[in-house]
Amino acid sequence: MKNIDTMHEYNISNSLSKDLNEAQIDAVKQIDGPLLVLAGAGTGKTKVLTYRIANILMSGVFPSQILAVTFTNKAAKEMSNRVVSLVGERSEGLWLGTFHSIGSRILRRHAEAVGLKSNFTIIDTSDQLRLIKQIFSDHKIDEKRWDPKKQLHIINTWKDRGLTPDKVTANDIIDFAGGKSLEIYEDYQSRLRTLNAADFGDLLLHNITIFNDNPEILADYQRKFQYILVDEYQDTNVGQYLWLRLLAQKNKNICCVGDDDQSIYGWRGAEVGNILRFERDFPGANVVRLERNYRSTSHILSAASNLISKNSDRLGKTLWTEDNEGDPIKLLLTWDDKEEAKQIAEEIEALQQIKRHSLNNMAILVRASFQTRAFEECFMNRGIPYKVIGGLRFYERMEIKDIISYIRVTAQPDDSLALERIINTPKRGIGPTTLQSIYETSRLYGISMFESIKLMLSEDSFKPKIAKTLSDLIKDFVRWGELVKDMTVAEFTETIAKESGYISMWKQDSSLEAQGRLDNIKELFHALEEFETIEEFLEHVSLISDIDNLNQDNMVSIMTLHAAKGLEFDTVFLPGWEEGTFPHQRSIDESAKTGLEEERRLAYVGITRARKNLYILSAANRRIYGQYQSSIPSRFIEELPQENIEKINLNNGFNFPAPSSNFEDGANYSPKPSPYAPTKKTTSFSKSGKTSPEGFSVGTKVSHTKFGNGIVLNFSGDQLEIAFEGMGIKKVIDRYVKAV
DNA sequence: TATTGTGTTATTTTT
DNA sequence: TAACACAATA
């Protein structure tokens, strides 16, 4: 142990001067006092952060005294890996995570201080919306006249700005829902408390409330976190800023890394102002600029710099590189979105076959997610493997959410939102009328739906058939609750999914997507094997956005520009550079100059993702809402320096679709090879036959991760009855045991 | 209560 | 286009 440490120590001090440039060393070395690192794209931001953490650790600070926050799980994971590779085990105990995960961790410790229990549920957007709709109906507010989504947006905005209902002033109130928007916010918060739930915004907002109301708790954390590091500081909103300021107030050892030119979350409440006024907030702050770019060729870098220089609201940096000039940016004007996809597909094929480029190093970055569709269709036909990142997220799929809801209710019967979701899935004959009566009872007595049902059953207020159904369901949940003790999370979930009839519901479904849904469910069971407890899993599920694509398969990545932040690729395609699409119309309509500048930053982010090859495309016609609309090339194209771009004329050598195809669907200019499904999440599982699928029979000696060794006594289907040494007889699904 | 049909409406970006 | 809400029917 000691030896390892000394070895790392040696490595660190050695690497500092070897691996880092001067500015980077500056940023890593001065660990005390406030520091702002302005890190341009590709200037080694993550490197600085990780070396800095290593350096702080080497100065004798305990890992648990360091707080490092990021925005995405991806970034947190990346940082954690890199710190481990620098200092090994010495980083254990570091508080490194997203704002939300850290906020949640702190909130669980002090939940009572804001009227929650520490096992509160974290609800997502759809739950939020459902809640708002309920409150609207209580207040007799017409959903047609007032869009519940708008109300949700208002509440989220208040939360982003660190405003609890009591802090909302007349100035902050937007006239909505007949002047009731604040009242609804109050109701919403109190409903959340009854449900023992918190939304994303609450994770930090409650922290702030706790810190403000309980100076001794705040003091504890201030003492604890000697050093604070913040990634992507340009994207912090007011709430996050307040949270950081509270924590950093005492020691003032806060290091924020960011790039005002990459601030692209203004719509989510991010305040570039936070970065612009850092020096004022933390007097005596040092500022280090990282301006040497290690990523892109000079053609790419120059184009990006010139484009972003059109923005007025910026601190200003001059990025430079010693990299060679490289190829100019290729600009392609196409007839329509289909042609655009086809051009990219052909270029990808050429790069792959002629230049032997790997698909992993290519990405298509779009402005809005609907644009991914044209590429999916085209690539599917041609057999180009691709993955859409962040498209429909795994945990947001209906079947996954349904099963998670079953788990939620089992773990926490009072989770009414989850119960409401699955009370009639599969169909049990519980319709809106019954639901309404339950809901009324729970409002009347201020109890959960689960409790209401129990109460109403005892009072005999249901029709016999419904009473039977509900009482069975309640009994099921109670019984499943008992199972937790004896089973792994995966087994437990699988049992519930089967016994509730949820699996058979999809098995009986003859529709096309049913099999895919079953596959997803299988994948969920698989993913669950990593977790020790239900609570652990539920926490993970609420905070992670996508199932981790650990697969290093050779695929082209397709994602939004927002999702691409922090990533880099050899080859990047930027399609859809048309007025209205990019810059997006709404962005300009809603926030004029600010909006346009944010769009330009988005373009800057896109361009700077590319290491070597960059393609920008613009289509003259695009299908929007199923109708073709013509548009003109994006103004951003004109803002690129001529000397960095090469215009490619498609009319030579390519078949150019005739305008007549405009309103028809039929016209298809590319040959159609046999359909090929490259990327759908289809982990194939053997379909369970009549015998134990894994081939176990009575007498087989097996081992199980939780119960140890045992012997098979009996089985039916894939359910094994096993006598475990010292554990007694358990029912286990055969996939979870191994023959020994 | 479940199913089917019709009309409306939205597509920015996400932890 | 496609998802969704709502009304009309079985």
# chains A, B, ... in the order shown; residues from 1 in each chain; ligands from 1
>>> interface_residues(of="chain C", to="chain A", cutoff="12 Å", atoms="only C-alpha atoms (C1' of nucleotides)", output="PyMOL selection string")
chain C and resi 1-3+5-6
>>> write_last_selection(atoms="all heavy atoms", output="mmCIF file, in the first residue's frame")
data_model
loop_
_atom_site.group_PDB
_atom_site.id
_atom_site.type_symbol
_atom_site.label_atom_id
_atom_site.label_comp_id
_atom_site.auth_asym_id
_atom_site.auth_seq_id
_atom_site.Cartn_x
_atom_site.Cartn_y
_atom_site.Cartn_z
ATOM 1 P P DT C 1 -47.095 10.218 -44.191
ATOM 2 O OP1 DT C 1 -48.499 10.018 -44.014
ATOM 3 O OP2 DT C 1 -46.200 9.219 -44.590
ATOM 4 O "O5'" DT C 1 -46.513 10.948 -42.878
ATOM 5 C "C5'" DT C 1 -45.188 11.334 -42.780
ATOM 6 C "C4'" DT C 1 -44.705 11.057 -41.366
ATOM 7 O "O4'" DT C 1 -44.899 12.240 -40.556
ATOM 8 C "C3'" DT C 1 -45.458 9.943 -40.670
ATOM 9 O "O3'" DT C 1 -44.502 9.198 -39.949
ATOM 10 C "C2'" DT C 1 -46.427 10.632 -39.728
ATOM 11 C "C1'" DT C 1 -45.795 11.984 -39.515
ATOM 12 N N1 DT C 1 -46.766 13.112 -39.534
ATOM 13 C C2 DT C 1 -46.736 14.051 -38.513
ATOM 14 O O2 DT C 1 -45.964 13.998 -37.584
ATOM 15 N N3 DT C 1 -47.669 15.062 -38.638
ATOM 16 C C4 DT C 1 -48.593 15.222 -39.654
ATOM 17 O O4 DT C 1 -49.375 16.166 -39.660
ATOM 18 C C5 DT C 1 -48.557 14.213 -40.686
ATOM 19 C C7 DT C 1 -49.495 14.285 -41.840
ATOM 20 C C6 DT C 1 -47.658 13.216 -40.588
ATOM 21 P P DA C 2 -44.857 7.978 -39.109
ATOM 22 O OP1 DA C 2 -43.608 7.264 -38.919
ATOM 23 O OP2 DA C 2 -46.065 7.284 -39.598
ATOM 24 O "O5'" DA C 2 -45.250 8.698 -37.742
ATOM 25 C "C5'" DA C 2 -44.259 9.263 -36.913
ATOM 26 C "C4'" DA C 2 -44.934 9.630 -35.621
ATOM 27 O "O4'" DA C 2 -45.858 10.702 -35.850
ATOM 28 C "C3'" DA C 2 -45.768 8.488 -35.056
ATOM 29 O "O3'" DA C 2 -45.717 8.591 -33.660
ATOM 30 C "C2'" DA C 2 -47.164 8.788 -35.562
ATOM 31 C "C1'" DA C 2 -47.139 10.303 -35.398
ATOM 32 N N9 DA C 2 -48.166 11.008 -36.161
ATOM 33 C C8 DA C 2 -48.868 10.572 -37.253
ATOM 34 N N7 DA C 2 -49.737 11.436 -37.698
ATOM 35 C C5 DA C 2 -49.594 12.522 -36.838
ATOM 36 C C6 DA C 2 -50.235 13.764 -36.772
ATOM 37 N N6 DA C 2 -51.182 14.142 -37.625
ATOM 38 N N1 DA C 2 -49.862 14.604 -35.790
ATOM 39 C C2 DA C 2 -48.914 14.228 -34.933
ATOM 40 N N3 DA C 2 -48.238 13.080 -34.901
ATOM 41 C C4 DA C 2 -48.633 12.267 -35.889
ATOM 42 P P DA C 3 -45.584 7.378 -32.725
ATOM 43 O OP1 DA C 3 -44.230 6.868 -32.977
ATOM 44 O OP2 DA C 3 -46.755 6.500 -32.816
ATOM 45 O "O5'" DA C 3 -45.584 8.090 -31.299
ATOM 46 C "C5'" DA C 3 -45.149 9.437 -31.176
ATOM 47 C "C4'" DA C 3 -46.199 10.251 -30.451
ATOM 48 O "O4'" DA C 3 -47.147 10.807 -31.383
ATOM 49 C "C3'" DA C 3 -47.004 9.466 -29.415
ATOM 50 O "O3'" DA C 3 -46.961 10.171 -28.195
ATOM 51 C "C2'" DA C 3 -48.405 9.401 -30.015
ATOM 52 C "C1'" DA C 3 -48.441 10.673 -30.845
ATOM 53 N N9 DA C 3 -49.375 10.641 -31.963
ATOM 54 C C8 DA C 3 -49.587 9.616 -32.849
ATOM 55 N N7 DA C 3 -50.490 9.895 -33.764
ATOM 56 C C5 DA C 3 -50.899 11.185 -33.453
ATOM 57 C C6 DA C 3 -51.839 12.050 -34.046
ATOM 58 N N6 DA C 3 -52.559 11.736 -35.109
ATOM 59 N N1 DA C 3 -51.996 13.266 -33.490
ATOM 60 C C2 DA C 3 -51.270 13.592 -32.414
ATOM 61 N N3 DA C 3 -50.360 12.864 -31.769
ATOM 62 C C4 DA C 3 -50.219 11.661 -32.355
ATOM 63 P P DA C 5 -52.502 12.318 -23.807
ATOM 64 O OP1 DA C 5 -51.729 12.869 -22.691
ATOM 65 O OP2 DA C 5 -52.854 10.887 -23.863
ATOM 66 O "O5'" DA C 5 -53.834 13.165 -23.958
ATOM 67 C "C5'" DA C 5 -53.800 14.444 -24.604
ATOM 68 C "C4'" DA C 5 -55.172 14.746 -25.159
ATOM 69 O "O4'" DA C 5 -55.357 14.015 -26.394
ATOM 70 C "C3'" DA C 5 -56.320 14.329 -24.235
ATOM 71 O "O3'" DA C 5 -57.265 15.386 -24.175
ATOM 72 C "C2'" DA C 5 -56.886 13.073 -24.890
ATOM 73 C "C1'" DA C 5 -56.598 13.339 -26.366
ATOM 74 N N9 DA C 5 -56.452 12.129 -27.179
ATOM 75 C C8 DA C 5 -55.700 11.025 -26.901
ATOM 76 N N7 DA C 5 -55.746 10.104 -27.847
ATOM 77 C C5 DA C 5 -56.588 10.651 -28.802
ATOM 78 C C6 DA C 5 -57.044 10.175 -30.041
ATOM 79 N N6 DA C 5 -56.701 8.989 -30.559
ATOM 80 N N1 DA C 5 -57.879 10.974 -30.746
ATOM 81 C C2 DA C 5 -58.228 12.158 -30.239
ATOM 82 N N3 DA C 5 -57.867 12.718 -29.084
ATOM 83 C C4 DA C 5 -57.029 11.901 -28.411
ATOM 84 P P DC C 6 -58.433 15.390 -23.088
ATOM 85 O OP1 DC C 6 -58.577 16.791 -22.662
ATOM 86 O OP2 DC C 6 -58.191 14.329 -22.098
ATOM 87 O "O5'" DC C 6 -59.713 15.000 -23.944
ATOM 88 C "C5'" DC C 6 -60.039 15.765 -25.104
ATOM 89 C "C4'" DC C 6 -61.010 14.978 -25.947
ATOM 90 O "O4'" DC C 6 -60.331 13.833 -26.515
ATOM 91 C "C3'" DC C 6 -62.199 14.415 -25.147
ATOM 92 O "O3'" DC C 6 -63.391 14.904 -25.722
ATOM 93 C "C2'" DC C 6 -62.060 12.908 -25.282
ATOM 94 C "C1'" DC C 6 -61.267 12.777 -26.578
ATOM 95 N N1 DC C 6 -60.519 11.502 -26.731
ATOM 96 C C2 DC C 6 -60.608 10.805 -27.939
ATOM 97 O O2 DC C 6 -61.304 11.277 -28.847
ATOM 98 N N3 DC C 6 -59.923 9.645 -28.076
ATOM 99 C C4 DC C 6 -59.178 9.179 -27.069
ATOM 100 N N4 DC C 6 -58.519 8.036 -27.256
ATOM 101 C C5 DC C 6 -59.077 9.871 -25.829
ATOM 102 C C6 DC C 6 -59.759 11.023 -25.696
#
>>> interface_residues(of="chain B", to="chain A", cutoff="9 Å", atoms="only C-alpha atoms (C1' of nucleotides)", output="list in words")
DT1, DA2, DA10, DT11, DT12, DT13, DT14 and DT15 of chain B
>>> write_last_selection(atoms="N, CA and C atoms (P, O5', C5', C4', C3', O3' and C1' of nucleotides)", output="compact mmCIF listing (two decimals), in the first residue's frame")
# COMPACT_ATOMS: atom_id res chain seq x y z
P DT B 1 -64.81 1.65 -14.28
O5' DT B 1 -64.41 0.80 -15.58
C5' DT B 1 -64.51 -0.60 -15.50
C4' DT B 1 -64.18 -1.19 -16.83
C3' DT B 1 -62.92 -0.61 -17.48
O3' DT B 1 -62.08 -1.70 -17.81
C1' DT B 1 -64.75 -0.60 -19.00
P DA B 2 -60.77 -1.62 -18.62
O5' DA B 2 -61.25 -1.88 -20.13
C5' DA B 2 -61.75 -3.15 -20.49
C4' DA B 2 -61.86 -3.23 -21.99
C3' DA B 2 -60.60 -2.85 -22.77
O3' DA B 2 -60.45 -3.78 -23.82
C1' DA B 2 -62.38 -1.43 -23.41
P DA B 10 -49.36 22.84 -30.29
O5' DA B 10 -47.99 22.17 -29.85
C5' DA B 10 -48.00 20.94 -29.14
C4' DA B 10 -46.98 19.98 -29.73
C3' DA B 10 -45.63 20.60 -30.06
O3' DA B 10 -44.67 19.64 -29.74
C1' DA B 10 -46.43 19.55 -31.96
P DT B 11 -43.70 19.78 -28.42
O5' DT B 11 -42.38 20.25 -29.10
C5' DT B 11 -42.48 20.60 -30.45
C4' DT B 11 -41.18 20.33 -31.13
C3' DT B 11 -41.06 21.26 -32.31
O3' DT B 11 -40.24 22.42 -31.97
C1' DT B 11 -40.42 19.00 -32.82
P DT B 12 -39.97 22.34 -29.89
O5' DT B 12 -38.49 21.81 -29.67
C5' DT B 12 -38.00 21.37 -30.75
C4' DT B 12 -36.62 21.06 -30.73
C3' DT B 12 -36.14 20.41 -29.46
O3' DT B 12 -35.59 19.18 -29.89
C1' DT B 12 -34.99 22.48 -29.87
P DT B 13 -35.15 18.11 -29.15
O5' DT B 13 -33.85 18.90 -28.79
C5' DT B 13 -32.75 18.20 -28.24
C4' DT B 13 -31.76 19.21 -27.75
C3' DT B 13 -31.56 19.05 -26.26
O3' DT B 13 -30.48 18.17 -26.07
C1' DT B 13 -31.74 21.35 -26.88
P DT B 14 -30.84 16.70 -25.58
O5' DT B 14 -30.71 16.92 -24.01
C5' DT B 14 -29.51 17.42 -23.46
C4' DT B 14 -29.62 17.34 -21.95
C3' DT B 14 -30.00 15.95 -21.42
O3' DT B 14 -29.27 15.73 -20.22
C1' DT B 14 -31.62 17.51 -20.76
P DT B 15 -28.95 14.26 -19.82
O5' DT B 15 -28.57 14.49 -18.29
C5' DT B 15 -27.52 15.37 -17.94
C4' DT B 15 -27.75 15.85 -16.52
C3' DT B 15 -28.02 14.73 -15.51
O3' DT B 15 -27.22 14.94 -14.34
C1' DT B 15 -29.75 16.33 -15.44
>>> select_by_dssp(residues="range 83-149 of chain A", states="strand (DSSP E)", output="number ranges by chain")
A: 95-98, 121-122
>>> residues_around(residues="Ile154 in chain A", least_positions_apart="6", cutoff="12 Å", atoms="only C-alpha atoms (C1' of nucleotides)", output="list in words")
Ile132, Asp147, Pro148, Asp160, Arg161, Leu163, Pro165, Val168, Asp172, Ile173, Ile174, Asp175, Phe176, Ala177, Lys180, Ser181, Leu182, Ile184, Tyr185, Arg268 and Gly269 of chain A
>>> write_last_selection(atoms="N, CA and C atoms", output="short mmCIF file (atom, residue, chain, number, x, y, z; two decimals), in the first residue's frame")
data_model
loop_
_atom_site.label_atom_id
_atom_site.label_comp_id
_atom_site.auth_asym_id
_atom_site.auth_seq_id
_atom_site.Cartn_x
_atom_site.Cartn_y
_atom_site.Cartn_z
N ILE A 132 -48.97 17.81 -12.00
CA ILE A 132 -49.51 19.12 -12.36
C ILE A 132 -50.93 18.96 -12.88
N ASP A 147 -51.82 25.27 -20.73
CA ASP A 147 -51.06 24.05 -20.98
C ASP A 147 -50.26 23.64 -19.74
N PRO A 148 -50.56 22.45 -19.20
CA PRO A 148 -49.85 22.00 -18.00
C PRO A 148 -48.32 22.01 -18.19
N ASP A 160 -34.75 26.29 -10.96
CA ASP A 160 -33.41 26.55 -11.50
C ASP A 160 -32.83 27.82 -10.91
N ARG A 161 -33.71 28.73 -10.59
CA ARG A 161 -33.22 30.00 -10.05
C ARG A 161 -33.14 29.99 -8.53
N LEU A 163 -35.50 29.32 -6.35
CA LEU A 163 -36.65 29.90 -5.67
C LEU A 163 -37.62 28.85 -5.14
N PRO A 165 -41.23 28.25 -3.10
CA PRO A 165 -42.45 29.05 -3.25
C PRO A 165 -42.44 30.34 -2.41
N VAL A 168 -40.59 33.27 -4.12
CA VAL A 168 -41.04 33.82 -5.40
C VAL A 168 -41.67 35.18 -5.15
N ASP A 172 -41.27 37.75 -10.15
CA ASP A 172 -40.98 36.48 -10.79
C ASP A 172 -42.22 35.84 -11.38
N ILE A 173 -43.37 36.34 -10.99
CA ILE A 173 -44.60 35.68 -11.39
C ILE A 173 -45.00 36.05 -12.80
N ILE A 174 -45.21 35.01 -13.58
CA ILE A 174 -45.71 35.21 -14.93
C ILE A 174 -47.21 34.96 -14.84
N ASP A 175 -47.98 35.81 -15.47
CA ASP A 175 -49.41 35.61 -15.39
C ASP A 175 -49.79 34.34 -16.14
N PHE A 176 -50.22 33.36 -15.40
CA PHE A 176 -50.57 32.08 -16.01
C PHE A 176 -51.61 31.38 -15.16
N ALA A 177 -52.38 30.52 -15.80
CA ALA A 177 -53.42 29.75 -15.12
C ALA A 177 -54.31 30.66 -14.27
N LYS A 180 -52.87 31.79 -10.96
CA LYS A 180 -52.73 30.81 -9.90
C LYS A 180 -51.39 30.07 -9.92
N SER A 181 -50.46 30.48 -10.76
CA SER A 181 -49.27 29.67 -10.96
C SER A 181 -48.46 29.46 -9.67
N LEU A 182 -48.41 30.49 -8.84
CA LEU A 182 -47.65 30.32 -7.60
C LEU A 182 -48.37 29.37 -6.64
N ILE A 184 -50.23 27.00 -7.45
CA ILE A 184 -50.03 25.64 -7.96
C ILE A 184 -48.65 25.12 -7.58
N TYR A 185 -47.68 26.00 -7.64
CA TYR A 185 -46.32 25.62 -7.22
C TYR A 185 -46.35 25.17 -5.75
N ARG A 268 -32.04 26.06 -20.06
CA ARG A 268 -32.30 25.29 -18.85
C ARG A 268 -31.91 26.09 -17.62
N GLY A 269 -31.74 27.36 -17.83
CA GLY A 269 -31.46 28.22 -16.69
C GLY A 269 -29.98 28.51 -16.46
#
>>> residues_around(residues="DC4 in chain C", least_positions_apart="3", cutoff="12 Å", atoms="only C-alpha atoms (C1' of nucleotides)", output="VMD selection string")
chain B and resid 6 to 10
>>> residues_around(residues="Thr594 in chain A", least_positions_apart="4", cutoff="10 Å", atoms="only C-alpha atoms (C1' of nucleotides)", output="list in words")
Gly266, Asn311, Ser312, Asp313, Ser587, Ile588, Glu590, Glu598, Glu599 and Arg600 of chain A
>>> closest_residue(among="A:Asp142, A:Glu513, A:Glu491, A:Glu89", to="Ala527 in chain A", atoms="only C-alpha atoms")
A:Glu491
>>> residues_around(residues="DG5 in chain B", least_positions_apart="3", cutoff="10 Å", atoms="only C-alpha atoms (C1' of nucleotides)", output="MDAnalysis selection string")
chainID C and resid 7:9
>>> select_by_dssp(residues="range 264-477 of chain A", states="helix (DSSP H, G or I)", output="number ranges by chain")
A: 266-268, 272-276, 278-281, 298-308, 337-353, 359-361, 369-382, 394-396, 398-411, 416-422, 432-445, 449-458, 464-477
>>> atom_distance(atom1="CA of Ile364 in chain A", atom2="CA of Ser630 in chain A")
22.0 Å
>>> residues_around(residues="range 203-214 of chain A", least_positions_apart="3", cutoff="7 Å", atoms="only C-alpha atoms (C1' of nucleotides)", output="list in words")
His100, Gly103, Ser104, Leu107, Ala113, Val114, Lys159, Gly162, Ala198, Asp199, Phe200, Ile217, Leu218, Gly239 and Trp243 of chain A
>>> decode(residues="range 552-561 of chain A", atoms="all heavy atoms", output="PDB file, in the first residue's frame")
ATOM      1  N   GLN A 552     -17.746  -1.511 -27.376  1.00  0.00           N
ATOM      2  CA  GLN A 552     -16.837  -0.786 -28.235  1.00  0.00           C
ATOM      3  C   GLN A 552     -17.055  -1.216 -29.687  1.00  0.00           C
ATOM      4  O   GLN A 552     -16.151  -1.198 -30.488  1.00  0.00           O
ATOM      5  CB  GLN A 552     -15.390  -1.054 -27.812  1.00  0.00           C
ATOM      6  CG  GLN A 552     -15.025  -0.411 -26.483  1.00  0.00           C
ATOM      7  CD  GLN A 552     -15.081   1.097 -26.534  1.00  0.00           C
ATOM      8  OE1 GLN A 552     -14.538   1.704 -27.452  1.00  0.00           O
ATOM      9  NE2 GLN A 552     -15.743   1.722 -25.572  1.00  0.00           N
ATOM     10  N   ASP A 553     -18.276  -1.605 -29.985  1.00  0.00           N
ATOM     11  CA  ASP A 553     -18.565  -2.046 -31.344  1.00  0.00           C
ATOM     12  C   ASP A 553     -18.250  -0.951 -32.342  1.00  0.00           C
ATOM     13  O   ASP A 553     -18.257   0.217 -32.012  1.00  0.00           O
ATOM     14  CB  ASP A 553     -20.052  -2.416 -31.474  1.00  0.00           C
ATOM     15  CG  ASP A 553     -20.420  -3.532 -30.530  1.00  0.00           C
ATOM     16  OD1 ASP A 553     -19.500  -4.260 -30.118  1.00  0.00           O
ATOM     17  OD2 ASP A 553     -21.608  -3.652 -30.198  1.00  0.00           O
ATOM     18  N   ASN A 554     -18.006  -1.376 -33.531  1.00  0.00           N
ATOM     19  CA  ASN A 554     -17.641  -0.421 -34.560  1.00  0.00           C
ATOM     20  C   ASN A 554     -18.887   0.205 -35.179  1.00  0.00           C
ATOM     21  O   ASN A 554     -19.479  -0.354 -36.084  1.00  0.00           O
ATOM     22  CB  ASN A 554     -16.806  -1.160 -35.613  1.00  0.00           C
ATOM     23  CG  ASN A 554     -16.074  -0.192 -36.497  1.00  0.00           C
ATOM     24  OD1 ASN A 554     -15.774   0.932 -36.078  1.00  0.00           O
ATOM     25  ND2 ASN A 554     -15.795  -0.609 -37.711  1.00  0.00           N
ATOM     26  N   MET A 555     -19.287   1.337 -34.642  1.00  0.00           N
ATOM     27  CA  MET A 555     -20.521   1.976 -35.103  1.00  0.00           C
ATOM     28  C   MET A 555     -20.350   3.483 -35.208  1.00  0.00           C
ATOM     29  O   MET A 555     -19.615   4.088 -34.439  1.00  0.00           O
ATOM     30  CB  MET A 555     -21.647   1.739 -34.092  1.00  0.00           C
ATOM     31  CG  MET A 555     -22.079   0.309 -33.955  1.00  0.00           C
ATOM     32  SD  MET A 555     -23.333   0.219 -32.689  1.00  0.00           S
ATOM     33  CE  MET A 555     -23.649  -1.530 -32.700  1.00  0.00           C
ATOM     34  N   VAL A 556     -21.096   4.059 -36.142  1.00  0.00           N
ATOM     35  CA  VAL A 556     -21.146   5.509 -36.257  1.00  0.00           C
ATOM     36  C   VAL A 556     -22.049   6.038 -35.145  1.00  0.00           C
ATOM     37  O   VAL A 556     -23.095   5.466 -34.886  1.00  0.00           O
ATOM     38  CB  VAL A 556     -21.757   5.926 -37.611  1.00  0.00           C
ATOM     39  CG1 VAL A 556     -21.790   7.432 -37.738  1.00  0.00           C
ATOM     40  CG2 VAL A 556     -20.989   5.308 -38.759  1.00  0.00           C
ATOM     41  N   SER A 557     -21.653   7.113 -34.519  1.00  0.00           N
ATOM     42  CA  SER A 557     -22.504   7.699 -33.484  1.00  0.00           C
ATOM     43  C   SER A 557     -23.378   8.795 -34.075  1.00  0.00           C
ATOM     44  O   SER A 557     -22.892   9.627 -34.833  1.00  0.00           O
ATOM     45  CB  SER A 557     -21.654   8.302 -32.373  1.00  0.00           C
ATOM     46  OG  SER A 557     -20.846   7.325 -31.799  1.00  0.00           O
ATOM     47  N   ILE A 558     -24.644   8.768 -33.717  1.00  0.00           N
ATOM     48  CA  ILE A 558     -25.555   9.839 -34.118  1.00  0.00           C
ATOM     49  C   ILE A 558     -26.120  10.446 -32.845  1.00  0.00           C
ATOM     50  O   ILE A 558     -26.608   9.723 -31.984  1.00  0.00           O
ATOM     51  CB  ILE A 558     -26.722   9.297 -34.973  1.00  0.00           C
ATOM     52  CG1 ILE A 558     -26.186   8.500 -36.157  1.00  0.00           C
ATOM     53  CG2 ILE A 558     -27.616  10.433 -35.436  1.00  0.00           C
ATOM     54  CD1 ILE A 558     -27.265   7.831 -36.982  1.00  0.00           C
ATOM     55  N   MET A 559     -25.995  11.743 -32.707  1.00  0.00           N
ATOM     56  CA  MET A 559     -26.527  12.374 -31.491  1.00  0.00           C
ATOM     57  C   MET A 559     -26.765  13.858 -31.702  1.00  0.00           C
ATOM     58  O   MET A 559     -26.392  14.417 -32.736  1.00  0.00           O
ATOM     59  CB  MET A 559     -25.558  12.151 -30.334  1.00  0.00           C
ATOM     60  CG  MET A 559     -24.249  12.895 -30.468  1.00  0.00           C
ATOM     61  SD  MET A 559     -23.046  12.385 -29.226  1.00  0.00           S
ATOM     62  CE  MET A 559     -22.076  11.243 -30.155  1.00  0.00           C
ATOM     63  N   THR A 560     -27.380  14.481 -30.713  1.00  0.00           N
ATOM     64  CA  THR A 560     -27.591  15.922 -30.794  1.00  0.00           C
ATOM     65  C   THR A 560     -26.293  16.643 -30.455  1.00  0.00           C
ATOM     66  O   THR A 560     -25.400  16.087 -29.824  1.00  0.00           O
ATOM     67  CB  THR A 560     -28.665  16.396 -29.795  1.00  0.00           C
ATOM     68  OG1 THR A 560     -28.175  16.143 -28.471  1.00  0.00           O
ATOM     69  CG2 THR A 560     -29.975  15.703 -30.006  1.00  0.00           C
ATOM     70  N   LEU A 561     -26.229  17.892 -30.861  1.00  0.00           N
ATOM     71  CA  LEU A 561     -25.055  18.698 -30.546  1.00  0.00           C
ATOM     72  C   LEU A 561     -24.883  18.811 -29.034  1.00  0.00           C
ATOM     73  O   LEU A 561     -23.769  18.779 -28.522  1.00  0.00           O
ATOM     74  CB  LEU A 561     -25.209  20.094 -31.158  1.00  0.00           C
ATOM     75  CG  LEU A 561     -25.036  20.164 -32.680  1.00  0.00           C
ATOM     76  CD1 LEU A 561     -25.663  21.419 -33.226  1.00  0.00           C
ATOM     77  CD2 LEU A 561     -23.562  20.102 -33.049  1.00  0.00           C
TER      78      LEU A 561
END
